[in-house]
Amino acid sequence: MNIRAWLELMRLSNAPTIVSNVLVGWAIGLSAGGDGAWSRAALTALAMLLLYVGGMALNDVMDVEIDRRQRPGRPIPSGRITRSAAAVFVLACFTAALAALATQNLMALAWGFVLMVAIVLYNIVHARTAASVALMGLCRALVYVTAAMAAGWSPQWSESLLLPAALMSYVLLFSVVARSEAASERVKFESIVVLLPMGAVIFGEFVSSGAPAWLTILGRAAFLIWTLGVATYVQQPQRNLGRAVAGWIAGIALLDLYHLTRLDQPEAALAAGACFLLTLIGQKWIAGS
């Protein structure tokens with residue numbers, strides 16, 4: 001078995017950002033009346049990771065013809081993994097993920113199924129329409145929602161829904177940048193990359209916080225400094241879009257860190273910071289896109 005090929009298929013380097021997403025979702029559930037113990041969050045994290053790696057594998061299964069032309073080194077077109085083996089892997093991951101969520105509660109299972117459908121739909125349409133970036137953002141937001149449901153969150157309106165909206169806006173914007181490498185669109189990119197972190201932070205600021213002000217200030221600063229710093233890669237004469245996108249993906253964990261400071265979960269915020277570092281380390285070995 002070619003282990004590296006499977007790690008590439010799963011885009012495993014970015015997986016820690018899924019864990020940090022679950023931490024935020026669980027904290028949302030607790031803040032909105034849920035009663036799930038933190039010890040139970042691990043099972044939800046496992047389920048979300050299975051949906052994530054299954055979705056990444058499905059992307060390669062669906063895009064094999066495109067990859068043969070544009071990315072022949074990917075695991076399937078290079079022959080290191082067969083398309084049928086990858087398809088079986090996808091099915092196994094999705095089935096195991098739903099089974100894990102079923103042990104939490106019915107709402108977690110229901111929203112996990114919605115997330116799975118969104119993942120499948122994204123992989124069907126993403127090569128056909130630029131509007132699919134909205135689905136990409138929705139998939140990440142649904143990780144928050146599913147984890148919150150697993151923590152026992154009642155399905156009712158809460159200002160905490162602003163946090164999934166923040167994550168969705170951030171992922172949507174950098175996905176827009178990632179879809180195009182046309183130099184003629186650089187002016188648009190320069191405005192978009194400045195907006196990238198701002199929208200996410202604005203959403204978060206409307207969430208009531210009982211945390212110390214200095215804690216949320218640190219969380220906000222970490223996210224803004226990193227995302228705006230990474231934006232320089234697409235503003236330079238010789239722009240490096242791949243490096244920028246990898247940095248923005250890692251920045252998801254820093255957005256989670258910021259959200260966790262607002263939710264007054266400093267220990268979970270530290271864990272999100274660790275997820276950020278693990279993502280950066282992983283990206284040195286396994287491409288994240």
# chains A, B, ... in the order shown; residues from 1 in each chain; ligands from 1

$ residues_around --residues "Gly55 of chain A" --least-positions-apart "6" --cutoff "10 Å" --atoms "only C-alpha atoms" --output "MDAnalysis selection string"
chainID A and resid 9:11 49 61 90:91 93:94 116 118:120 122:123

$ atom_distance --atom1 "atom CA of Ala274 of chain A" --atom2 "atom CA of Ser169 of chain A"
23.2 Å

$ residues_around --residues "Ala272 of chain A" --least-positions-apart "3" --cutoff "12 Å" --atoms "only C-alpha atoms" --output "number ranges by chain"
A: 16-24, 219, 222-223, 250-261, 265-269, 275-279

$ residues_around --residues "Ser208 of chain A" --least-positions-apart "4" --cutoff "9 Å" --atoms "only C-alpha atoms" --output "PDB file with N, CA and C atoms, in the first residue's frame"
ATOM      1  N   GLU A 159     -27.831  33.730  18.531  1.00  0.00           N
ATOM      2  CA  GLU A 159     -26.822  34.600  17.932  1.00  0.00           C
ATOM      3  C   GLU A 159     -25.567  33.813  17.570  1.00  0.00           C
ATOM      4  N   SER A 160     -25.422  32.630  18.162  1.00  0.00           N
ATOM      5  CA  SER A 160     -24.267  31.797  17.837  1.00  0.00           C
ATOM      6  C   SER A 160     -24.276  31.340  16.385  1.00  0.00           C
ATOM      7  N   GLY A 204     -18.401  37.755  14.078  1.00  0.00           N
ATOM      8  CA  GLY A 204     -18.074  37.321  15.430  1.00  0.00           C
ATOM      9  C   GLY A 204     -18.300  38.390  16.476  1.00  0.00           C
ATOM     10  N   ARG A 262     -14.250  34.211  22.147  1.00  0.00           N
ATOM     11  CA  ARG A 262     -15.513  34.916  22.361  1.00  0.00           C
ATOM     12  C   ARG A 262     -16.502  34.045  23.117  1.00  0.00           C
ATOM     13  N   LEU A 263     -16.402  32.730  22.925  1.00  0.00           N
ATOM     14  CA  LEU A 263     -17.279  31.804  23.635  1.00  0.00           C
ATOM     15  C   LEU A 263     -16.740  31.450  25.012  1.00  0.00           C
TER      16      LEU A 263
END

$ closest_residue --among "A:Ala45, A:Leu109, A:Val125, A:Met149" --to "Met62 of chain A" --atoms "only C-alpha atoms"
A:Val125

$ atom_distance --atom1 "atom CA of Gly137 of chain A" --atom2 "atom CA of Leu162 of chain A"
13.6 Å

$ closest_residue --among "A:Trp26, A:Trp153, A:Tyr144, A:Trp6" --to "Ala86 of chain A" --atoms "only C-alpha atoms"
A:Trp6

$ closest_residue --among "A:Ala151, A:Leu270, A:Leu115, A:Val53" --to "Ala32 of chain A" --atoms "only C-alpha atoms"
A:Ala151

$ closest_residue --among "A:Asn59, A:Asn14, A:Thr103, A:Ser78" --to "Ala41 of chain A" --atoms "only C-alpha atoms"
A:Thr103

$ residues_around --residues "Asn2 of chain A" --least-positions-apart "2" --cutoff "12 Å" --atoms "only C-alpha atoms" --output "number ranges by chain"
A: 4-9, 75-76, 78-82

$ closest_residue --among "A:Ile281, A:Ile202, A:Ala231, A:Ala148" --to "Leu167 of chain A" --atoms "only C-alpha atoms"
A:Ile202

$ atom_distance --atom1 "atom CA of Arg71 of chain A" --atom2 "atom CA of Leu173 of chain A"
23.8 Å

$ residues_around --residues "segment 243-248 of chain A" --least-positions-apart "5" --cutoff "12 Å" --atoms "only C-alpha atoms" --output "number ranges by chain"
A: 11, 13-14, 17, 167, 170-181, 189, 193, 196-197, 223-236, 238, 253-255, 276-277, 279-284, 286-289
